[in-house]
file target-v1.cif (mmCIF, C-alpha atoms and all ligand atoms)
data_upload
loop_
_atom_site.label_atom_id
_atom_site.label_comp_id
_atom_site.auth_asym_id
_atom_site.auth_seq_id
_atom_site.Cartn_x
_atom_site.Cartn_y
_atom_site.Cartn_z
CA MET A 1 1.39 -14.91 20.70
CA ASP A 2 4.07 -12.74 22.20
CA PHE A 3 3.92 -9.15 21.00
CA ASN A 4 6.45 -7.69 23.41
CA LEU A 5 8.12 -4.79 21.67
CA ASP A 6 11.87 -4.35 21.71
CA GLU A 7 13.42 -1.00 22.52
CA GLU A 8 14.16 -0.19 18.87
CA THR A 9 10.52 -0.72 17.82
CA ARG A 10 9.26 1.32 20.76
CA SER A 11 11.44 4.29 19.91
CA ALA A 12 10.63 4.02 16.17
CA LEU A 13 6.92 4.11 17.07
CA GLU A 14 7.43 7.06 19.39
CA ALA A 15 9.35 9.01 16.75
CA LEU A 16 6.67 8.24 14.15
CA ARG A 17 3.95 9.40 16.56
CA LYS A 18 5.68 12.76 16.97
CA TRP A 19 6.30 13.10 13.19
CA GLY A 20 2.69 12.09 12.55
CA ARG A 21 1.20 14.63 14.92
CA GLU A 22 3.45 17.53 13.94
CA VAL A 23 3.90 16.96 10.20
CA VAL A 24 1.92 14.12 8.61
CA ARG A 25 -1.58 15.01 9.82
CA PRO A 26 -1.37 18.71 8.77
CA VAL A 27 0.16 17.81 5.36
CA GLY A 28 -2.59 15.22 4.76
CA LEU A 29 -5.39 17.57 5.79
CA GLU A 30 -4.04 20.27 3.48
CA ALA A 31 -3.87 17.89 0.50
CA ASP A 32 -7.41 16.73 1.23
CA ARG A 33 -8.82 20.23 1.52
CA LEU A 34 -7.05 21.32 -1.67
CA SER A 35 -8.13 18.04 -3.29
CA ARG A 36 -4.76 17.37 -4.91
CA PRO A 37 -1.75 15.11 -4.32
CA ILE A 38 1.22 16.59 -2.42
CA PRO A 39 3.28 18.31 -5.17
CA VAL A 40 6.55 16.60 -6.16
CA ASP A 41 8.57 19.65 -5.08
CA ASP A 42 6.83 20.05 -1.72
CA PRO A 43 9.39 20.54 1.09
CA TYR A 44 7.65 17.67 2.91
CA PHE A 45 9.48 15.17 0.70
CA GLU A 46 12.91 16.67 1.44
CA ARG A 47 12.09 16.38 5.12
CA CYS A 48 11.25 12.71 4.54
CA LEU A 49 14.74 12.14 3.12
CA LEU A 50 16.34 13.89 6.10
CA ARG A 51 14.40 11.52 8.37
CA GLY A 52 15.86 8.55 6.47
CA ASP A 53 12.64 7.71 4.58
CA GLY A 54 12.52 6.91 0.86
CA ARG A 55 15.30 4.30 1.00
CA THR A 56 15.32 0.72 -0.20
CA ARG A 57 15.57 -2.29 2.12
CA TRP A 58 17.89 -3.89 -0.44
CA GLN A 59 21.56 -3.89 0.51
CA PRO A 60 24.02 -3.85 -2.37
CA HIS A 61 26.90 -6.33 -2.24
CA ALA A 62 25.17 -8.29 0.52
CA ASP A 63 23.92 -11.85 0.38
CA ALA A 64 20.93 -12.07 -1.98
CA ARG A 65 18.58 -12.86 0.92
CA SER A 66 19.73 -10.11 3.18
CA THR A 67 17.91 -6.80 3.39
CA ARG A 68 17.97 -4.14 6.05
CA SER A 69 14.45 -5.10 6.85
CA ARG A 70 12.53 -4.85 10.07
CA SER A 71 10.40 -7.80 11.17
CA VAL A 72 6.97 -7.95 9.49
CA LEU A 73 5.40 -7.42 12.91
CA THR A 74 7.31 -4.18 13.41
CA GLN A 75 6.46 -3.04 9.87
CA LEU A 76 2.77 -3.63 10.62
CA LEU A 77 2.88 -1.63 13.84
CA LEU A 78 4.56 1.25 12.01
CA ALA A 79 2.05 1.01 9.15
CA GLU A 80 -0.80 1.24 11.66
CA GLU A 81 0.73 4.25 13.36
CA PHE A 82 1.45 6.07 10.08
CA ALA A 83 -2.11 5.52 8.83
CA TYR A 84 -3.46 6.75 12.17
CA TRP A 85 -2.03 10.16 11.20
CA ASP A 86 -2.70 9.92 7.45
CA ARG A 87 -2.75 6.87 5.20
CA GLY A 88 -2.67 8.95 2.01
CA VAL A 89 0.55 10.68 3.10
CA MET A 90 2.09 7.31 3.94
CA ILE A 91 1.57 6.16 0.34
CA ALA A 92 2.74 9.53 -1.02
CA ASN A 93 6.10 9.09 0.73
CA PRO A 94 9.04 8.62 -1.63
CA GLY A 95 10.66 5.21 -1.95
CA PRO A 96 10.64 2.09 -4.15
CA GLY A 97 7.13 1.30 -2.84
CA LEU A 98 4.96 -1.59 -3.92
CA PRO A 99 7.32 -3.28 -6.46
CA GLU A 100 10.33 -3.32 -4.11
CA ALA A 101 9.53 -6.75 -2.63
CA SER A 102 9.18 -8.31 -6.09
CA VAL A 103 12.45 -6.82 -7.31
CA ILE A 104 14.31 -8.03 -4.21
CA ALA A 105 12.78 -11.51 -4.51
CA LEU A 106 12.93 -12.01 -8.26
CA GLY A 107 15.17 -9.39 -9.85
CA THR A 108 18.57 -10.19 -11.30
CA GLU A 109 21.60 -8.62 -9.59
CA GLU A 110 21.88 -6.11 -12.47
CA GLN A 111 18.22 -5.15 -12.06
CA LYS A 112 18.60 -4.61 -8.32
CA GLU A 113 21.68 -2.49 -8.94
CA ARG A 114 20.05 -0.41 -11.68
CA PHE A 115 16.55 0.03 -10.27
CA LEU A 116 17.00 -0.15 -6.49
CA GLY A 117 20.55 1.26 -6.44
CA PRO A 118 19.38 4.92 -6.66
CA PHE A 119 17.18 4.31 -3.60
CA VAL A 120 20.10 3.24 -1.38
CA GLU A 121 21.17 6.82 -0.58
CA PRO A 122 18.70 8.87 -2.65
CA ASP A 123 20.03 12.25 -3.77
CA ARG A 124 16.45 13.54 -4.14
CA PRO A 125 12.96 12.19 -3.45
CA ARG A 126 12.50 9.24 -5.79
CA TRP A 127 9.50 7.01 -6.42
CA ALA A 128 8.75 3.72 -8.17
CA CYS A 129 5.41 2.03 -8.70
CA PHE A 130 3.68 -1.14 -9.74
CA ALA A 131 1.12 -1.08 -12.57
CA MET A 132 -1.26 -3.99 -12.67
CA THR A 133 -4.82 -2.60 -12.84
CA GLU A 134 -6.38 -1.82 -16.21
CA PRO A 135 -9.72 -0.33 -17.19
CA GLY A 136 -10.96 -3.90 -17.84
CA ALA A 137 -8.91 -5.83 -15.29
CA GLY A 138 -9.05 -5.10 -11.56
CA SER A 139 -10.00 -8.03 -9.34
CA ASP A 140 -9.44 -10.45 -12.19
CA ALA A 141 -5.74 -9.79 -12.54
CA ALA A 142 -5.39 -12.70 -14.94
CA ALA A 143 -7.44 -10.74 -17.50
CA ILE A 144 -4.94 -7.97 -18.20
CA GLN A 145 -4.60 -7.00 -21.84
CA THR A 146 -1.40 -4.92 -21.88
CA ARG A 147 0.59 -6.81 -24.46
CA ALA A 148 4.32 -7.57 -24.51
CA THR A 149 5.68 -8.60 -27.91
CA LYS A 150 9.22 -9.77 -28.53
CA ASP A 151 11.06 -7.47 -30.90
CA GLY A 152 14.63 -8.44 -31.75
CA ASP A 153 16.56 -8.28 -28.49
CA GLY A 154 13.87 -6.30 -26.69
CA TRP A 155 10.16 -6.02 -26.03
CA ILE A 156 7.36 -3.78 -27.25
CA LEU A 157 4.58 -2.93 -24.78
CA ASN A 158 1.10 -1.73 -25.71
CA GLY A 159 -1.84 -1.16 -23.38
CA ALA A 160 -3.39 1.06 -20.72
CA LYS A 161 -3.19 1.14 -16.93
CA CYS A 162 -5.31 2.98 -14.36
CA PHE A 163 -5.31 3.97 -10.69
CA ILE A 164 -1.54 3.51 -10.40
CA GLY A 165 -0.05 5.15 -7.29
CA SER A 166 2.66 7.79 -7.91
CA ALA A 167 3.00 6.77 -11.60
CA SER A 168 3.78 10.17 -13.13
CA ARG A 169 6.50 10.91 -10.57
CA SER A 170 8.11 7.46 -10.56
CA ASP A 171 11.65 6.89 -11.88
CA TRP A 172 10.39 3.57 -13.23
CA ILE A 173 7.17 1.62 -13.36
CA LEU A 174 7.00 -2.15 -13.02
CA VAL A 175 4.38 -2.91 -15.68
CA GLN A 176 2.49 -6.19 -15.67
CA ALA A 177 1.88 -7.37 -19.25
CA THR A 178 0.88 -10.53 -21.07
CA LEU A 179 2.59 -12.38 -23.89
CA ASP A 180 -0.74 -13.93 -24.85
CA PRO A 181 -4.06 -12.80 -23.29
CA SER A 182 -5.67 -16.19 -24.04
CA LYS A 183 -3.18 -17.95 -21.74
CA GLY A 184 -4.10 -16.14 -18.48
CA ARG A 185 -1.61 -15.94 -15.64
CA ALA A 186 0.99 -18.25 -17.14
CA ALA A 187 1.69 -15.76 -19.92
CA GLN A 188 2.18 -12.72 -17.65
CA ARG A 189 5.52 -10.99 -17.18
CA ALA A 190 6.63 -7.83 -15.40
CA PHE A 191 8.75 -5.18 -17.18
CA PHE A 192 10.65 -2.16 -15.92
CA VAL A 193 9.62 0.92 -17.89
CA GLU A 194 11.70 3.99 -17.17
CA GLN A 195 10.10 7.42 -16.98
CA GLY A 196 10.58 9.32 -20.22
CA THR A 197 10.57 6.20 -22.40
CA GLU A 198 8.97 7.03 -25.74
CA GLY A 199 5.33 5.99 -25.89
CA LEU A 200 4.78 6.05 -22.09
CA GLY A 201 1.99 8.43 -21.06
CA PRO A 202 0.41 10.91 -20.98
CA PHE A 203 -0.49 10.58 -17.29
CA LYS A 204 -3.91 11.62 -16.10
CA ILE A 205 -4.30 12.11 -12.37
CA GLU A 206 -7.50 10.39 -11.23
CA LYS A 207 -10.07 12.05 -8.99
CA LYS A 208 -10.45 10.16 -5.72
CA MET A 209 -12.99 10.31 -2.90
CA GLY A 210 -10.27 9.86 -0.26
CA LEU A 211 -6.53 9.35 0.26
CA LYS A 212 -5.96 12.47 -1.79
CA ALA A 213 -2.42 13.13 -0.57
CA TYR A 214 -0.98 10.65 -3.06
CA GLU A 215 -1.32 10.60 -6.78
CA SER A 216 -3.19 7.81 -8.61
CA SER A 217 -2.78 8.01 -12.38
CA SER A 218 -3.93 6.38 -15.54
CA PHE A 219 -1.63 6.19 -18.57
CA SER A 220 -1.16 4.35 -21.80
CA LEU A 221 1.77 2.49 -23.31
CA GLU A 222 2.02 2.91 -27.05
CA ASN A 223 4.77 0.92 -28.73
CA VAL A 224 6.96 1.34 -25.67
CA ARG A 225 10.27 -0.38 -26.35
CA VAL A 226 12.29 -1.84 -23.48
CA PRO A 227 15.48 -3.88 -23.66
CA ALA A 228 15.52 -7.60 -22.75
CA SER A 229 17.29 -6.69 -19.51
CA HIS A 230 14.09 -4.93 -18.35
CA LEU A 231 12.13 -8.17 -18.04
CA LEU A 232 11.89 -8.84 -14.28
CA GLY A 233 13.95 -11.88 -13.40
CA GLY A 234 15.45 -12.20 -16.87
CA GLU A 235 14.56 -14.80 -19.45
CA THR A 236 16.03 -17.94 -17.94
CA ARG A 237 13.75 -20.95 -17.66
CA ARG A 238 13.75 -21.00 -13.85
CA GLU A 239 12.36 -17.50 -13.84
CA ARG A 240 9.77 -17.93 -16.59
CA SER A 241 6.84 -17.61 -14.24
CA ALA A 242 8.39 -14.62 -12.53
CA GLY A 243 5.83 -12.18 -13.92
CA PHE A 244 2.68 -13.38 -12.27
CA LYS A 245 4.46 -14.68 -9.19
CA ALA A 246 5.99 -11.24 -8.80
CA ALA A 247 2.57 -9.65 -8.77
CA MET A 248 1.12 -12.14 -6.37
CA SER A 249 4.07 -12.07 -3.98
CA THR A 250 3.66 -8.30 -3.86
CA PHE A 251 0.00 -8.61 -3.01
CA ASN A 252 0.43 -11.33 -0.38
CA ALA A 253 3.01 -9.24 1.39
CA GLY A 254 0.76 -6.22 1.10
CA ARG A 255 -2.51 -7.42 2.57
CA PRO A 256 -1.56 -7.33 6.27
CA VAL A 257 -0.06 -3.87 5.67
CA ILE A 258 -3.39 -2.64 4.27
CA ALA A 259 -5.08 -4.26 7.28
CA ALA A 260 -2.72 -2.42 9.63
CA ASN A 261 -3.46 0.83 7.80
CA ALA A 262 -7.19 0.20 8.25
CA VAL A 263 -6.69 -0.45 11.97
CA GLY A 264 -4.86 2.91 12.17
CA ILE A 265 -7.74 4.72 10.43
CA GLY A 266 -10.23 2.99 12.75
CA ARG A 267 -8.23 4.05 15.80
CA ALA A 268 -8.14 7.65 14.58
CA ALA A 269 -11.94 7.59 14.17
CA LEU A 270 -12.35 6.10 17.64
CA ASP A 271 -10.16 8.82 19.18
CA GLU A 272 -12.21 11.52 17.43
CA ALA A 273 -15.40 9.96 18.84
CA ILE A 274 -13.98 9.83 22.38
CA ARG A 275 -12.64 13.39 22.17
CA PHE A 276 -16.02 14.69 21.02
CA ALA A 277 -17.94 12.72 23.65
CA ARG A 278 -15.63 14.05 26.39
CA GLU A 279 -15.90 17.65 25.16
CA GLN A 280 -19.70 17.40 24.98
CA ASP A 281 -19.92 15.62 28.32
CA LEU A 282 -21.51 12.56 26.71
CA LEU A 283 -19.38 9.84 28.31
CA GLY A 284 -21.98 9.33 31.04
CA ASP A 285 -24.53 8.22 28.46
CA PRO A 286 -24.61 4.39 28.34
CA ARG A 287 -25.51 4.46 24.62
CA VAL A 288 -22.36 6.44 23.86
CA ARG A 289 -20.23 4.19 26.07
CA ASP A 290 -21.72 1.14 24.36
CA ARG A 291 -20.77 2.51 20.96
CA ILE A 292 -17.22 3.26 22.09
CA GLU A 293 -16.89 -0.22 23.59
CA ALA A 294 -18.00 -1.87 20.33
CA MET A 295 -15.62 0.21 18.22
CA THR A 296 -12.68 -0.50 20.54
CA ARG A 297 -13.42 -4.24 20.72
CA LYS A 298 -13.58 -4.61 16.96
CA ILE A 299 -10.47 -2.53 16.30
CA ARG A 300 -8.47 -4.61 18.78
CA MET A 301 -9.81 -7.82 17.26
CA ALA A 302 -8.77 -6.69 13.77
CA ARG A 303 -5.34 -5.72 15.07
CA LEU A 304 -4.82 -9.19 16.57
CA VAL A 305 -5.66 -10.95 13.30
CA CYS A 306 -3.36 -8.57 11.46
CA LEU A 307 -0.46 -9.17 13.86
CA ARG A 308 -1.05 -12.91 13.66
CA ALA A 309 -0.66 -12.71 9.86
CA GLY A 310 2.57 -10.76 10.41
CA GLN A 311 3.88 -13.17 12.99
CA LEU A 312 3.33 -16.13 10.65
CA ALA A 313 5.18 -14.26 7.91
CA ASP A 314 8.09 -13.62 10.30
CA GLU A 315 8.18 -17.35 11.05
CA ARG A 316 8.10 -18.09 7.29
CA ARG A 317 4.86 -20.04 7.75
CA PRO A 318 1.94 -19.90 5.29
CA ASN A 319 -0.28 -16.95 6.10
CA ILE A 320 -2.62 -16.70 3.14
CA VAL A 321 -5.81 -17.20 5.19
CA GLU A 322 -4.73 -14.85 7.97
CA ALA A 323 -3.46 -12.23 5.48
CA SER A 324 -6.79 -12.19 3.64
CA MET A 325 -8.79 -12.38 6.89
CA SER A 326 -6.89 -9.44 8.32
CA LYS A 327 -7.60 -7.30 5.26
CA ALA A 328 -11.27 -8.30 4.95
CA LEU A 329 -11.86 -7.73 8.66
CA ALA A 330 -9.84 -4.58 9.27
CA ALA A 331 -11.20 -2.71 6.25
CA GLN A 332 -14.73 -3.42 7.44
CA VAL A 333 -13.93 -2.44 11.03
CA ALA A 334 -12.36 0.84 9.90
CA GLN A 335 -15.42 1.72 7.81
CA GLU A 336 -17.71 0.86 10.71
CA ALA A 337 -15.66 2.88 13.19
CA ALA A 338 -15.59 5.92 10.90
CA SER A 339 -19.33 5.63 10.28
CA GLN A 340 -20.13 5.24 14.01
CA ALA A 341 -17.90 8.17 14.92
CA LEU A 342 -19.47 10.32 12.22
CA GLU A 343 -22.92 9.48 13.59
CA LEU A 344 -21.84 10.32 17.12
CA LEU A 345 -20.48 13.70 16.04
CA GLY A 346 -23.74 14.49 14.25
CA SER A 347 -23.78 17.82 12.46
CA THR A 348 -20.25 18.63 13.72
CA GLY A 349 -18.89 15.63 11.80
CA GLY A 350 -21.02 16.17 8.74
CA ARG A 351 -19.90 19.76 8.20
CA GLY A 352 -17.35 18.78 5.60
CA ASP A 353 -14.27 20.24 7.26
CA HIS A 354 -13.88 17.85 10.18
CA LEU A 355 -11.23 15.14 10.31
CA ILE A 356 -13.90 12.49 10.83
CA GLU A 357 -15.54 12.99 7.44
CA LYS A 358 -12.09 12.65 5.81
CA LEU A 359 -11.48 9.41 7.73
CA TYR A 360 -14.88 8.18 6.56
CA ARG A 361 -13.84 8.72 2.92
CA ASP A 362 -10.31 7.36 3.43
CA ALA A 363 -11.58 4.17 5.12
CA LYS A 364 -13.63 3.10 2.11
CA ALA A 365 -10.57 2.74 -0.11
CA MET A 366 -9.08 0.20 2.27
CA ASP A 367 -11.75 -2.25 1.19
CA ILE A 368 -10.91 -1.75 -2.50
CA VAL A 369 -7.13 -1.60 -2.87
CA GLU A 370 -5.01 -4.74 -3.31
CA GLY A 371 -8.00 -7.07 -3.56
CA THR A 372 -11.52 -6.07 -2.52
CA GLY A 373 -13.13 -7.43 0.64
CA GLN A 374 -15.28 -9.69 -1.50
CA ILE A 375 -12.21 -11.17 -3.21
CA GLN A 376 -10.51 -11.70 0.17
CA ARG A 377 -13.54 -13.58 1.44
CA MET A 378 -13.48 -15.79 -1.66
CA ILE A 379 -9.77 -16.54 -1.11
CA ILE A 380 -10.40 -17.47 2.52
CA ALA A 381 -13.36 -19.71 1.69
CA ARG A 382 -11.42 -21.45 -1.07
CA GLN A 383 -8.48 -22.09 1.24
CA LEU A 384 -10.71 -23.39 4.02
CA VAL A 385 -12.32 -26.01 1.84
CA SER A 386 -9.10 -26.71 -0.07
CA LEU A 387 -10.51 -25.88 -3.48
CA PRO A 388 -7.94 -25.53 -6.28
CA ARG A 389 -7.01 -21.89 -6.99
C1 LIG B 1 -7.17 4.47 -4.08
C2 LIG B 1 -6.78 3.36 -5.02
C3 LIG B 1 -5.43 3.09 -5.27
C4 LIG B 1 -5.03 2.07 -6.16
N1 LIG B 1 -3.69 1.86 -6.43
C5 LIG B 1 -3.32 0.91 -7.33
C6 LIG B 1 -1.93 0.73 -7.71
O1 LIG B 1 -1.02 1.43 -7.22
N2 LIG B 1 -1.60 -0.22 -8.63
C7 LIG B 1 -2.57 -1.01 -9.21
O2 LIG B 1 -2.22 -1.84 -10.05
N3 LIG B 1 -3.90 -0.85 -8.89
C8 LIG B 1 -4.29 0.09 -7.98
N4 LIG B 1 -5.63 0.27 -7.65
C9 LIG B 1 -6.64 -0.56 -8.31
C10 LIG B 1 -7.25 -1.60 -7.38
O3 LIG B 1 -6.32 -2.62 -7.15
C11 LIG B 1 -8.55 -2.08 -8.04
O4 LIG B 1 -9.48 -1.00 -7.96
C12 LIG B 1 -9.09 -3.33 -7.37
O5 LIG B 1 -8.30 -4.44 -7.70
C13 LIG B 1 -10.54 -3.60 -7.80
O6 LIG B 1 -10.65 -3.64 -9.19
P1 LIG B 1 -11.79 -2.81 -9.97
O7 LIG B 1 -11.79 -1.43 -9.43
O8 LIG B 1 -11.56 -2.99 -11.42
O9 LIG B 1 -13.15 -3.48 -9.53
P2 LIG B 1 -13.76 -4.85 -10.12
O10 LIG B 1 -12.73 -5.91 -10.18
O11 LIG B 1 -14.48 -4.52 -11.37
O12 LIG B 1 -14.81 -5.20 -9.00
C14 LIG B 1 -16.06 -4.53 -8.85
C15 LIG B 1 -16.87 -5.26 -7.78
O13 LIG B 1 -17.11 -6.62 -8.17
C16 LIG B 1 -16.63 -7.52 -7.21
N5 LIG B 1 -16.09 -8.71 -7.88
C17 LIG B 1 -15.14 -8.74 -8.86
N6 LIG B 1 -14.88 -10.01 -9.24
C18 LIG B 1 -15.67 -10.81 -8.49
C19 LIG B 1 -15.86 -12.22 -8.40
N7 LIG B 1 -15.18 -13.08 -9.16
N8 LIG B 1 -16.79 -12.68 -7.51
C20 LIG B 1 -17.48 -11.83 -6.69
N9 LIG B 1 -17.33 -10.49 -6.74
C21 LIG B 1 -16.45 -9.98 -7.61
C22 LIG B 1 -15.54 -6.77 -6.45
O14 LIG B 1 -15.38 -7.26 -5.13
C23 LIG B 1 -16.12 -5.36 -6.43
O15 LIG B 1 -17.03 -5.23 -5.39
C24 LIG B 1 -6.03 1.28 -6.78
C25 LIG B 1 -7.40 1.52 -6.51
C26 LIG B 1 -7.78 2.54 -5.64
C27 LIG B 1 -9.25 2.79 -5.38
#

call {"tool": "encode", "arguments": {"input": "target-v1.cif", "output": "structure tokens"}}
result
Amino acid sequence: MDFNLDEETRSALEALRKWGREVVRPVGLEADRLSRPIPVDDPYFERCLLRGDGRTRWQPHADARSTRSRSVLTQLLLAEEFAYWDRGVMIANPGPGLPEASVIALGTEEQKERFLGPFVEPDRPRWACFAMTEPGAGSDAAAIQTRATKDGDGWILNGAKCFIGSASRSDWILVQATLDPSKGRAAQRAFFVEQGTEGLGPFKIEKKMGLKAYESSSFSLENVRVPASHLLGGETRRERSAGFKAAMSTFNAGRPVIAANAVGIGRAALDEAIRFAREQDLLGDPRVRDRIEAMTRKIRMARLVCLRAGQLADERRPNIVEASMSKALAAQVAQEAASQALELLGSTGGRGDHLIEKLYRDAKAMDIVEGTGQIQRMIIARQLVSLPR
């Protein structure tokens, strides 16, 4: 594997490092200490826009396949670096977020224009989000109960969603719903629901143990009416299965990013451990050195698997095993690194106002979001023995 970085990636990483140190880390710590998401009107978001963040990769009037996208490998390196400074702030950043990939891959030209268009040169911080999880359907995404019923030339949506990132501040929400809950995945479709649509909400911001800088909300959909044009991919036969495929393509693209985030959190924990050991003159102790060696080795191992998943994606080769392996491994490594660092810091780390205890809480979520570690391990095992899905 050749991971030589080009000049553009190097300077993007350097700029992100500076932004992370000076802005992201303090903003994330403040949100954590105040135990609330960064407010919508926080000047931080305007600064993001000035930096060029919050924009879509989609390019209007370009060939359908062309986006102003970086390589997956570069995206992973940037995701690692951002999470090193604060993973919660990274997710809080404005932009079309999780559903963007699905809309680019499966949306009609009108849908891209309408829903991604405002993110090309955003006039203000704008968000979008993807709503899959329900109170009774997390890992088993095929079990969702939010119902879509045809009504004349439109659709009526009824159901409830939970733990949806940035939902209350999103311009639109891509809602996963089913035409018939007894038919599992085949009956699922994704619908654009614009903020302010009658019957959408109220939004309740969830309490979280970590990653507090971004909002996770639950909300209900009560007789929410959307036009036919809001069905992702339209209603043509070729695109019938768009709904579930959209969800899954989002997740497959997302797993190595979560892995990269976890590697970033692990690195931050490792650096805290080394800083503390140096300050306390503990680096001469072989037990401390042994701990630092183990943390470093595992973090680097997780990074390699993650970059391998990214490299395969860049080469358009199947990466399902590597994507799941990277997430299962990196989330575990990050939790272990944060736990080891916390132990090393002793009472200093356990005080409740030290970065390390925040990293410890943040790391746990990396094992839960976008498919738990357990689910990743099941996917890997199934793929390895070629069981049907
Ligand atoms: C911080 C945070 C942000 C999130 N953001 C979003 C978001 O933006 N959009 C969104 O749609 N969702 C979001 N989620 C939801 C997340 O995707 C779900 O929490 C996740 O899919 C797990 O579902 P669950 O919580 O219902 O747990 P469950 O599915 O109930 O799982 C509970 C436990 O059982 C295990 N388990 C489940 N099924 C099996 C099985 N078949 N075999 C063996 N073990 C099994 C799981 O591994 C887990 O350990 C977010 C969650 C968190 C914590």

call {"tool": "residues_near_ligand", "arguments": {"input": "target-v1.cif", "ligand": "ligand LIG 1 (chain B)", "cutoff": "10 Å", "atoms": "only C-alpha atoms and all ligand atoms", "output": "PyMOL selection string"}}
result
chain A and resi 88+91+97-99+129-141+161-167+174-176+206-212+214-218+247+251+362+364-378

call {"tool": "closest_residue", "arguments": {"input": "target-v1.cif", "among": "A:Met90, A:Leu13, A:Ala331, A:Ala259", "to": "Gly54 in chain A", "atoms": "all atoms listed in the file"}}
result
A:Met90

call {"tool": "residues_around", "arguments": {"input": "target-v1.cif", "residues": "Val263 in chain A", "least_positions_apart": "4", "cutoff": "8 Å", "atoms": "all atoms listed in the file", "output": "count of residues only"}}
result
11

call {"tool": "atom_distance", "arguments": {"input": "target-v1.cif", "atom1": "CA of Pro118 in chain A", "atom2": "CA of Arg57 in chain A"}}
result
12.0 Å

call {"tool": "closest_atom_pairs", "arguments": {"input": "target-v1.cif", "of": "range 22-130 of chain A", "to": "range 307-310 of chain A", "cutoff": "10 Å", "atoms": "all atoms listed in the file", "output": "JSON lines"}}
result
{"residue": "A:Ser71", "atom": "CA", "partner": "A:Gly310", "partner_atom": "CA", "distance": 8.4}
{"residue": "A:Val72", "atom": "CA", "partner": "A:Gly310", "partner_atom": "CA", "distance": 5.3}
{"residue": "A:Leu73", "atom": "CA", "partner": "A:Gly310", "partner_atom": "CA", "distance": 5.0}
{"residue": "A:Thr74", "atom": "CA", "partner": "A:Gly310", "partner_atom": "CA", "distance": 8.6}
{"residue": "A:Gln75", "atom": "CA", "partner": "A:Gly310", "partner_atom": "CA", "distance": 8.7}
{"residue": "A:Leu76", "atom": "CA", "partner": "A:Gly310", "partner_atom": "CA", "distance": 7.1}
{"residue": "A:Leu77", "atom": "CA", "partner": "A:Leu307", "partner_atom": "CA", "distance": 8.2}

call {"tool": "closest_residue", "arguments": {"input": "target-v1.cif", "among": "A:Arg289, A:Arg36, A:His230, A:Arg51", "to": "Gln111 in chain A", "atoms": "all atoms listed in the file"}}
result
A:His230

call {"tool": "atom_distance", "arguments": {"input": "target-v1.cif", "atom1": "CA of Gly28 in chain A", "atom2": "CA of Glu293 in chain A"}}
result
28.2 Å

call {"tool": "build_atoms", "arguments": {"input": "target-v1.cif", "residues": "range 345-357 of chain A", "atoms": "N, CA and C atoms", "output": "mmCIF file, in the frame of the given file"}}
result
data_model
loop_
_atom_site.group_PDB
_atom_site.id
_atom_site.type_symbol
_atom_site.label_atom_id
_atom_site.label_comp_id
_atom_site.auth_asym_id
_atom_site.auth_seq_id
_atom_site.Cartn_x
_atom_site.Cartn_y
_atom_site.Cartn_z
ATOM 1 N N LEU A 345 -20.793 12.264 16.126
ATOM 2 C CA LEU A 345 -20.480 13.700 16.040
ATOM 3 C C LEU A 345 -21.641 14.509 15.443
ATOM 4 N N GLY A 346 -22.567 13.812 14.797
ATOM 5 C CA GLY A 346 -23.740 14.490 14.250
ATOM 6 C C GLY A 346 -23.364 15.594 13.282
ATOM 7 N N SER A 347 -23.995 16.746 13.428
ATOM 8 C CA SER A 347 -23.780 17.820 12.460
ATOM 9 C C SER A 347 -22.341 18.328 12.487
ATOM 10 N N THR A 348 -21.656 18.190 13.642
ATOM 11 C CA THR A 348 -20.250 18.630 13.720
ATOM 12 C C THR A 348 -19.414 17.820 12.734
ATOM 13 N N GLY A 349 -19.662 16.504 12.690
ATOM 14 C CA GLY A 349 -18.890 15.630 11.800
ATOM 15 C C GLY A 349 -19.271 15.772 10.355
ATOM 16 N N GLY A 350 -20.529 16.113 10.124
ATOM 17 C CA GLY A 350 -21.020 16.170 8.740
ATOM 18 C C GLY A 350 -20.758 17.493 8.059
ATOM 19 N N ARG A 351 -20.101 18.420 8.759
ATOM 20 C CA ARG A 351 -19.900 19.760 8.200
ATOM 21 C C ARG A 351 -19.046 19.782 6.942
ATOM 22 N N GLY A 352 -18.183 18.806 6.806
ATOM 23 C CA GLY A 352 -17.350 18.780 5.600
ATOM 24 C C GLY A 352 -15.945 19.301 5.821
ATOM 25 N N ASP A 353 -15.650 19.789 7.028
ATOM 26 C CA ASP A 353 -14.270 20.240 7.260
ATOM 27 C C ASP A 353 -13.718 19.610 8.544
ATOM 28 N N HIS A 354 -14.325 18.503 8.956
ATOM 29 C CA HIS A 354 -13.880 17.850 10.180
ATOM 30 C C HIS A 354 -13.069 16.608 9.806
ATOM 31 N N LEU A 355 -12.064 16.311 10.599
ATOM 32 C CA LEU A 355 -11.230 15.140 10.310
ATOM 33 C C LEU A 355 -12.061 13.873 10.118
ATOM 34 N N ILE A 356 -13.156 13.752 10.866
ATOM 35 C CA ILE A 356 -13.900 12.490 10.830
ATOM 36 C C ILE A 356 -14.512 12.207 9.455
ATOM 37 N N GLU A 357 -14.946 13.265 8.769
ATOM 38 C CA GLU A 357 -15.540 12.990 7.440
ATOM 39 C C GLU A 357 -14.442 12.582 6.448
#
